[in-house]
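For reference, run29.txt is printed below; it contains compact mmCIF, C-alpha atoms.
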```txt
# COMPACT_ATOMS: atom_id res chain seq x y z
CA MET A 892 112.63 300.32 46.62
CA ALA A 893 109.11 299.37 45.57
CA TYR A 894 106.35 299.73 48.16
CA ALA A 895 102.78 298.41 48.20
CA PHE A 896 101.21 301.81 48.73
CA ASP A 897 97.47 302.27 48.78
CA PRO A 898 96.58 303.02 45.12
CA GLU A 899 94.96 306.38 45.88
CA LEU A 900 98.05 307.45 47.82
CA ALA A 901 100.48 306.14 45.22
CA ALA A 902 98.80 308.20 42.50
CA ALA A 903 99.36 311.40 44.51
CA ILE A 904 102.98 310.98 45.60
CA GLU A 905 104.41 313.16 42.83
CA MET A 906 102.19 316.04 43.98
CA LEU A 907 103.30 315.92 47.61
CA PRO A 908 105.98 318.29 48.98
CA ASN A 909 109.50 316.93 49.31
CA VAL A 910 111.29 319.31 51.66
CA ASP A 911 115.08 318.94 51.69
CA LEU A 912 116.31 319.13 55.29
CA THR A 913 119.99 319.38 54.40
CA ASP A 914 119.46 323.17 54.34
CA ILE A 915 117.06 323.82 57.20
CA VAL A 916 116.75 327.58 56.65
CA LYS A 917 115.82 327.03 53.00
CA ALA A 918 113.54 324.15 53.97
CA ARG A 919 111.62 326.39 56.37
CA ALA A 920 111.13 329.05 53.71
CA GLU A 921 109.88 326.45 51.22
CA PHE A 922 107.63 324.90 53.83
CA GLU A 923 106.06 328.22 54.82
CA GLU A 924 105.55 329.03 51.14
CA LEU A 925 103.71 325.74 50.69
CA ILE A 926 101.49 326.51 53.67
CA ALA A 927 100.74 329.98 52.33
CA GLN A 928 99.51 328.44 49.06
CA LEU A 929 96.92 326.25 50.79
CA PRO A 930 93.25 327.25 50.62
CA PRO A 931 92.06 329.39 53.54
CA ALA A 932 91.05 327.41 56.61
CA ASP A 933 87.36 326.98 57.34
CA THR A 934 86.98 328.87 60.61
CA THR A 935 83.20 329.02 60.74
CA GLY A 936 81.72 328.42 64.17
CA LEU A 937 84.93 329.39 65.95
CA THR A 938 86.48 332.32 67.75
CA ILE A 939 90.24 332.29 67.19
CA THR A 940 92.70 334.32 69.25
CA ASP A 941 96.46 334.72 69.10
CA LEU A 942 98.21 335.68 72.32
CA THR A 943 101.56 335.39 74.07
CA VAL A 944 102.18 334.11 77.58
CA PRO A 945 105.20 334.53 79.85
CA ALA A 946 107.82 331.80 79.58
CA PRO A 947 110.58 331.58 82.19
CA ASP A 948 113.50 330.65 79.95
CA ARG A 949 112.82 332.47 76.71
CA ALA A 950 112.30 335.85 75.12
CA PRO A 951 110.03 336.95 73.58
CA ASP A 952 107.02 335.43 75.29
CA LEU A 953 105.50 332.15 74.09
CA PRO A 954 102.90 332.44 71.28
CA LEU A 955 99.70 330.42 71.52
CA ARG A 956 96.67 330.21 69.23
CA ILE A 957 93.30 329.41 70.80
CA TYR A 958 90.24 328.02 69.02
CA VAL A 959 86.95 328.35 70.92
CA PRO A 960 83.91 326.67 69.33
CA ASP A 961 80.68 328.64 69.35
CA ARG A 962 78.92 325.45 70.46
CA PRO A 963 81.22 323.59 72.84
CA SER A 964 80.47 319.93 73.40
CA GLY A 965 81.45 320.15 77.06
CA PRO A 966 84.10 321.62 79.39
CA VAL A 967 86.92 319.99 77.42
CA GLY A 968 90.17 321.04 75.81
CA ILE A 969 92.83 319.76 73.43
CA TYR A 970 96.41 320.99 73.56
CA ASP A 971 98.08 320.63 70.17
CA VAL A 972 101.83 320.42 69.53
CA HIS A 973 102.72 320.66 65.84
CA GLY A 974 105.09 318.35 63.99
CA GLY A 975 107.95 319.15 61.65
CA GLY A 976 110.86 317.00 62.74
CA PHE A 977 111.72 319.41 65.58
CA VAL A 978 113.07 321.83 62.94
CA LEU A 979 110.04 322.99 60.90
CA GLY A 980 106.50 324.14 61.48
CA SER A 981 104.42 326.65 63.35
CA VAL A 982 100.88 327.13 64.61
CA GLN A 983 100.00 328.20 61.08
CA MET A 984 100.96 324.77 59.77
CA MET A 985 98.21 323.22 61.90
CA HIS A 986 95.72 326.08 61.52
CA ALA A 987 93.23 324.36 59.22
CA GLY A 988 93.57 321.06 61.07
CA ASN A 989 93.08 322.64 64.47
CA ALA A 990 90.08 324.63 63.29
CA ALA A 991 88.50 321.38 62.12
CA LEU A 992 89.54 319.63 65.34
CA ALA A 993 87.83 322.26 67.48
CA ARG A 994 84.69 322.23 65.38
CA GLU A 995 84.42 318.43 65.09
CA THR A 996 85.09 317.68 68.77
CA GLY A 997 83.55 320.80 70.30
CA ALA A 998 86.70 321.22 72.39
CA VAL A 999 88.70 324.36 73.01
CA VAL A 1000 91.97 323.82 71.16
CA VAL A 1001 95.20 325.54 72.16
CA SER A 1002 98.17 325.35 69.78
CA VAL A 1003 101.72 326.19 70.88
CA ASP A 1004 104.40 327.88 68.74
CA TYR A 1005 107.47 326.34 70.36
CA ARG A 1006 111.08 327.15 69.48
CA LEU A 1007 112.73 325.07 66.78
CA ALA A 1008 116.03 323.24 66.56
CA PRO A 1009 118.90 323.49 65.77
CA GLU A 1010 118.93 327.12 66.94
CA HIS A 1011 117.03 326.01 70.04
CA PRO A 1012 117.87 322.36 70.75
CA TYR A 1013 116.37 320.15 73.45
CA PRO A 1014 114.95 321.02 75.93
CA ALA A 1015 113.73 324.33 74.44
CA GLY A 1016 110.83 322.95 72.38
CA LEU A 1017 109.69 320.64 75.15
CA GLU A 1018 109.92 323.31 77.83
CA ASP A 1019 107.95 325.73 75.64
CA SER A 1020 105.32 323.04 75.13
CA TYR A 1021 105.19 322.40 78.88
CA THR A 1022 104.84 326.12 79.63
CA GLY A 1023 101.91 326.36 77.24
CA LEU A 1024 100.23 323.32 78.77
CA VAL A 1025 100.62 324.75 82.29
CA TRP A 1026 99.14 328.05 81.10
CA PHE A 1027 96.16 326.26 79.51
CA ALA A 1028 95.49 324.26 82.67
CA GLU A 1029 95.74 327.36 84.88
CA HIS A 1030 93.46 329.44 82.62
CA ALA A 1031 91.11 326.64 81.58
CA GLY A 1032 88.21 328.05 83.54
CA GLU A 1033 88.33 331.27 81.52
CA TYR A 1034 87.46 329.22 78.44
CA GLY A 1035 84.89 326.99 80.10
CA VAL A 1036 87.28 324.03 80.29
CA ASP A 1037 87.74 321.63 83.17
CA PRO A 1038 91.54 321.42 83.71
CA ASP A 1039 91.17 317.68 84.36
CA ARG A 1040 89.64 317.18 80.90
CA ILE A 1041 92.46 318.36 78.65
CA ALA A 1042 93.94 315.97 76.08
CA ILE A 1043 97.32 316.47 74.44
CA HIS A 1044 97.58 315.94 70.68
CA GLY A 1045 100.59 315.74 68.40
CA ILE A 1046 101.66 314.24 65.09
CA SER A 1047 105.20 313.05 64.25
CA ALA A 1048 107.66 315.22 66.20
CA GLY A 1049 104.59 316.73 67.86
CA GLY A 1050 103.64 313.23 68.97
CA GLY A 1051 107.13 312.74 70.38
CA LEU A 1052 106.92 316.05 72.23
CA CYS A 1053 103.50 315.06 73.60
CA ALA A 1054 104.92 311.76 74.85
CA GLY A 1055 107.68 313.75 76.54
CA LEU A 1056 105.08 316.16 77.95
CA ALA A 1057 103.17 313.31 79.56
CA LEU A 1058 106.34 312.07 81.26
CA LEU A 1059 107.33 315.57 82.32
CA ALA A 1060 103.89 316.39 83.75
CA ARG A 1061 103.87 313.10 85.68
CA ASP A 1062 107.35 313.60 87.12
CA ARG A 1063 106.94 317.28 87.95
CA GLY A 1064 103.48 316.88 89.40
CA GLY A 1065 102.26 319.16 86.64
CA PRO A 1066 98.92 319.52 84.89
CA SER A 1067 96.51 316.61 84.81
CA ILE A 1068 96.42 315.17 81.27
CA ALA A 1069 93.24 313.30 80.44
CA PHE A 1070 94.54 311.60 77.30
CA GLN A 1071 97.51 311.54 74.93
CA TYR A 1072 96.95 311.32 71.18
CA LEU A 1073 100.26 310.29 69.65
CA GLY A 1074 100.07 310.25 65.87
CA VAL A 1075 103.08 308.52 64.26
CA PRO A 1076 105.24 309.74 67.16
CA GLU A 1077 108.96 310.42 66.78
CA VAL A 1078 110.19 308.95 70.07
CA ASP A 1079 113.45 307.06 69.51
CA ASP A 1080 116.77 308.77 68.73
CA ARG A 1081 118.63 305.47 68.32
CA LEU A 1082 117.33 304.88 64.78
CA THR A 1083 117.87 301.13 64.98
CA THR A 1084 114.41 299.66 64.36
CA PRO A 1085 113.85 297.53 61.24
CA SER A 1086 111.52 300.12 59.71
CA MET A 1087 114.03 302.91 60.31
CA ARG A 1088 116.86 300.92 58.76
CA ARG A 1089 114.75 299.83 55.79
CA PHE A 1090 112.81 302.94 54.76
CA THR A 1091 115.55 305.17 53.39
CA ASP A 1092 113.64 306.48 50.36
CA THR A 1093 109.99 306.65 51.43
CA PRO A 1094 107.93 309.78 50.62
CA MET A 1095 107.76 312.73 53.02
CA TRP A 1096 109.93 311.14 55.74
CA ASN A 1097 112.78 308.66 55.63
CA GLN A 1098 115.85 307.54 57.54
CA PRO A 1099 118.21 310.28 56.24
CA LYS A 1100 115.72 312.95 57.33
CA ALA A 1101 115.38 311.32 60.73
CA VAL A 1102 119.16 311.53 61.20
CA ILE A 1103 119.09 315.27 60.45
CA SER A 1104 116.10 315.77 62.73
CA TRP A 1105 117.66 314.12 65.79
CA ASP A 1106 121.07 315.72 65.22
CA ALA A 1107 119.37 319.11 65.16
CA TYR A 1108 117.26 318.41 68.25
CA LEU A 1109 119.92 316.81 70.45
CA GLY A 1110 123.15 318.04 68.88
CA ALA A 1111 125.36 316.34 66.33
CA GLY A 1112 126.86 313.15 67.69
CA VAL A 1113 124.47 312.94 70.64
CA PRO A 1114 121.66 310.74 69.23
CA GLY A 1115 122.21 307.10 70.09
CA THR A 1116 124.57 307.81 72.96
CA PRO A 1117 123.77 306.50 76.46
CA ASP A 1118 122.79 309.73 78.22
CA VAL A 1119 119.93 311.01 76.06
CA PRO A 1120 117.10 312.03 78.45
CA VAL A 1121 113.87 310.08 78.38
CA TYR A 1122 111.94 313.35 78.01
CA ALA A 1123 113.73 313.94 74.70
CA ALA A 1124 113.33 310.36 73.47
CA PRO A 1125 110.46 308.71 75.38
CA ALA A 1126 111.21 305.30 73.85
CA ARG A 1127 114.13 305.18 76.30
CA ALA A 1128 111.87 305.52 79.36
CA GLY A 1129 112.07 302.56 81.70
CA ASP A 1130 109.02 303.59 83.72
CA LEU A 1131 105.82 304.40 81.86
CA THR A 1132 103.49 303.75 84.78
CA GLY A 1133 100.98 306.37 85.78
CA LEU A 1134 100.75 307.97 82.34
CA PRO A 1135 97.44 309.02 80.75
CA PRO A 1136 95.52 306.69 78.43
CA ALA A 1137 96.82 306.88 74.88
CA TYR A 1138 96.05 306.40 71.23
CA VAL A 1139 99.03 305.66 68.97
CA SER A 1140 98.96 305.49 65.19
CA ALA A 1141 101.56 304.13 62.81
CA MET A 1142 101.87 304.05 59.02
CA GLU A 1143 102.96 300.86 57.26
CA PHE A 1144 105.77 302.37 55.17
CA ASP A 1145 107.05 304.94 57.66
CA PRO A 1146 110.50 304.72 59.27
CA LEU A 1147 108.77 305.69 62.54
CA ARG A 1148 106.44 302.68 62.31
CA ASP A 1149 108.29 300.27 64.59
CA GLU A 1150 109.13 302.80 67.31
CA SER A 1151 105.48 303.90 67.39
CA ILE A 1152 104.32 300.31 67.77
CA ALA A 1153 106.99 299.55 70.38
CA TYR A 1154 106.03 302.61 72.42
CA ALA A 1155 102.36 301.65 72.36
CA LEU A 1156 103.21 298.14 73.53
CA ALA A 1157 105.50 299.50 76.25
CA LEU A 1158 102.69 301.73 77.50
CA GLN A 1159 100.36 298.76 77.56
CA ALA A 1160 102.91 296.64 79.43
CA ALA A 1161 103.15 299.41 82.02
CA GLY A 1162 99.41 299.21 82.67
CA VAL A 1163 98.46 302.25 80.58
CA GLN A 1164 95.27 301.89 78.58
CA VAL A 1165 96.33 302.24 74.95
CA GLU A 1166 94.83 301.81 71.50
CA LEU A 1167 97.13 301.20 68.53
CA HIS A 1168 96.20 301.47 64.87
CA VAL A 1169 98.60 300.63 62.03
CA TYR A 1170 97.25 301.90 58.71
CA SER A 1171 98.15 299.63 55.82
CA GLY A 1172 99.43 301.01 52.53
CA THR A 1173 100.26 304.36 54.07
CA PHE A 1174 103.41 306.42 54.58
CA HIS A 1175 104.43 309.30 56.82
CA GLY A 1176 102.29 312.31 55.98
CA SER A 1177 100.05 310.40 53.58
CA SER A 1178 97.04 311.98 55.28
CA LEU A 1179 97.84 315.07 53.18
CA VAL A 1180 96.10 313.16 50.38
CA GLU A 1181 92.79 314.11 51.95
CA TYR A 1182 90.55 312.56 49.31
CA ALA A 1183 91.99 309.06 49.82
CA ALA A 1184 89.65 306.72 51.67
CA VAL A 1185 92.35 305.69 54.14
CA SER A 1186 93.09 309.34 54.95
CA LYS A 1187 89.41 310.01 55.57
CA ARG A 1188 89.27 307.02 57.92
CA GLU A 1189 92.33 308.26 59.78
CA LYS A 1190 90.84 311.73 60.27
CA GLU A 1191 87.44 310.46 61.39
CA GLU A 1192 89.06 308.02 63.78
CA ALA A 1193 91.04 310.85 65.36
CA TYR A 1194 87.85 312.80 66.03
CA THR A 1195 86.10 309.70 67.36
CA VAL A 1196 88.99 308.75 69.64
CA LEU A 1197 89.24 312.24 71.10
CA ARG A 1198 85.49 312.60 71.62
CA LYS A 1199 85.43 309.29 73.47
CA ALA A 1200 88.49 310.12 75.55
CA LEU A 1201 87.05 313.49 76.57
CA ARG A 1202 83.59 311.98 77.14
CA VAL A 1203 81.71 314.25 74.75
```
Could the structure of this file be written out as structure tokens, please?
Amino acid sequence: MAYAFDPELAAAIEMLPNVDLTDIVKARAEFEELIAQLPPADTTGLTITDLTVPAPDRAPDLPLRIYVPDRPSGPVGIYDVHGGGFVLGSVQMMHAGNAALARETGAVVVSVDYRLAPEHPYPAGLEDSYTGLVWFAEHAGEYGVDPDRIAIHGISAGGGLCAGLALLARDRGGPSIAFQYLGVPEVDDRLTTPSMRRFTDTPMWNQPKAVISWDAYLGAGVPGTPDVPVYAAPARAGDLTGLPPAYVSAMEFDPLRDESIAYALALQAAGVQVELHVYSGTFHGSSLVEYAAVSKREKEEAYTVLRKALRV
């Protein structure tokens, strides 16, 4: 199918990775190889620490990576949950992005290395993410962070996990979340939106990959059935009241577009302050084309949104 992609993005599509999820083990190896080939992250102005923290339902302990800016903008933090369709990714995948995020916002950034599906299906990844958030809130003072000024941040599956985190923290009386940044969030297992049905061959992410992703996360045959928990698929939540303010992004030619928009509107209808931005001419993961003007706008907007939300 022909798509009206932004010209700068269209010219780069052939250079972008196309990871085949039909063999997840092979896909992970290819993905990690791609990450290893990237230029070294710019870590100037930061102190970066890897540590593990106790997690009640897993062994070994939960790995976290912490980015502390030499010149913090205030007592603020950002908790990052990486993407990867619930089946790929690691803290290393977001290393360069999180280093830039810490430097540009002046916030302490904590990144969580949660367990991946299908070996560890729902709720493993979400519970790991929740454990890391609780740890950050409890130890915030050690890093000069006010526990009431921590934002959560995730892209794609990471955005879906962050949406689930916000619900879980509300319902468990857990950590106070100041803001939720939900970039192109993967929040609906039912796969019935017009964009999901239509975009079967789009770059980076498409409907066939979404099917694999949800089958891995929930178990084959479970997605779309009546009893999927709202924490796994936040689009199913009937009560979104009392959640933190949010920013939601969507890409025009992304199968996740319509569920992202619908979730933003549902938050707004529930009285949650929300900002929604749909980027025209884009597709899922098109921000990897960093030199494109639309990608630069997306990145700068993320920094601006988070600075404003954290009041720095």
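With all atoms listed in the file as the atoms that count, the minimum distance from Phe1174 in chain A to the choices A:Thr1116, A:Ser1047, A:Tyr1154, A:Arg1061 is reached by A:Ser1047.
Here the question is which of A:Glu1010, A:Glu1143, A:Glu995, A:Glu924 gets nearest to Val1203 in chain A using only C-alpha atoms, and that residue is A:Glu995.
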Non-local contacts of Ala903 in chain A (12 Å; all atoms listed in the file; under 6 positions in same chain excluded) as a ChimeraX atom specification:
/A:896-897,1094,1173-1174,1176-1183
Top pick for closest residue to Val916 in chain A, considering A:Ala998, A:Ala932, A:Val982, A:Ala1008 and counting all atoms listed in the file:
A:Ala1008
As a check of understanding: the span from CA of Gly1064 in chain A to CA of His1011 in chain A is 25.3 Å
For Leu912 in chain A, which residue among A:Val944, A:Ala1057, A:Ala1107, A:Leu992 is the nearest when counting all atoms listed in the file?
A:Ala1107
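With all atoms listed in the file as the basis for measurement, A:Ala1048 is the residue among A:Ala1048, A:Val1003, A:Ala1031, A:Ala1157 that approaches Leu1073 in chain A most closely.
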Of the candidates A:Pro1076, A:Pro966, A:Gly1035, A:Pro960, which one gets nearest to Ala1124 in chain A if we count only C-alpha atoms?
A:Pro1076
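Between CA of Gly1055 in chain A and CA of Ala1193 in chain A there is a distance of 20.3 Å.
For Pro1125 in chain A, the residues within 7 Å (counting all atoms listed in the file, excluding itself and residues fewer than 2 positions away along the chain) are Ala1054, Gly1055, Val1078, Asp1079, Val1121, Tyr1122, Ala1123, Arg1127 and Ala1128 of chain A.
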Would you give the centre and edge lengths, in Å to one decimal, of a box along x, y and z around the listed atoms of range 932-943 of chain A, with 8 Å added to each side, as JSON?
```
{"center_x": 91.6, "center_y": 331.3, "center_z": 65.3, "size_x": 35.8, "size_y": 24.7, "size_z": 33.5}
```
Distance CA of Ile926 in chain A-CA of Leu1017 in chain A, one decimal place?
23.7 Å
Just want the 12 Å neighbourhood of Glu1150 in chain A, counted on only C-alpha atoms, with same-chain residues fewer than 2 positions away dropped. Output as a PyMOL selection string.
chain A and resi 1047+1050-1051+1073-1088+1124-1127+1139-1143+1145-1148+1152-1157+1169
Contacts of Arg994 in chain A within 10 Å, all atoms listed in the file, excl. fewer than 6 positions in-chain, as a PyMOL selection string
chain A and resi 933-937+958-964+988+1000+1194
12 Å contact set for Gly1065 in chain A, all atoms listed in the file, chain neighbours under 6 positions out, as a VMD selection string
chain A and resid 1021 to 1029 1038 to 1039 1056 to 1059
Residue subset to file, keeping C-alpha atoms, as a PDB file, in the frame of the given file:
```pdb
ATOM      1  CA  TYR A1021     105.190 322.400  78.880  1.00  0.00           C
ATOM      2  CA  THR A1022     104.840 326.120  79.630  1.00  0.00           C
ATOM      3  CA  GLY A1023     101.910 326.360  77.240  1.00  0.00           C
ATOM      4  CA  LEU A1024     100.230 323.320  78.770  1.00  0.00           C
ATOM      5  CA  VAL A1025     100.620 324.750  82.290  1.00  0.00           C
ATOM      6  CA  TRP A1026      99.140 328.050  81.100  1.00  0.00           C
ATOM      7  CA  PHE A1027      96.160 326.260  79.510  1.00  0.00           C
ATOM      8  CA  ALA A1028      95.490 324.260  82.670  1.00  0.00           C
ATOM      9  CA  GLU A1029      95.740 327.360  84.880  1.00  0.00           C
ATOM     10  CA  PRO A1038      91.540 321.420  83.710  1.00  0.00           C
ATOM     11  CA  ASP A1039      91.170 317.680  84.360  1.00  0.00           C
ATOM     12  CA  LEU A1056     105.080 316.160  77.950  1.00  0.00           C
ATOM     13  CA  ALA A1057     103.170 313.310  79.560  1.00  0.00           C
ATOM     14  CA  LEU A1058     106.340 312.070  81.260  1.00  0.00           C
ATOM     15  CA  LEU A1059     107.330 315.570  82.320  1.00  0.00           C
TER      16      LEU A1059
END
```
Spatial sel., origin (109.2, 322.2, 58.6), limit 8 Å, only C-alpha atoms, listed as a PyMOL selection string:
chain A and resi 910+918-919+922-923+974-980
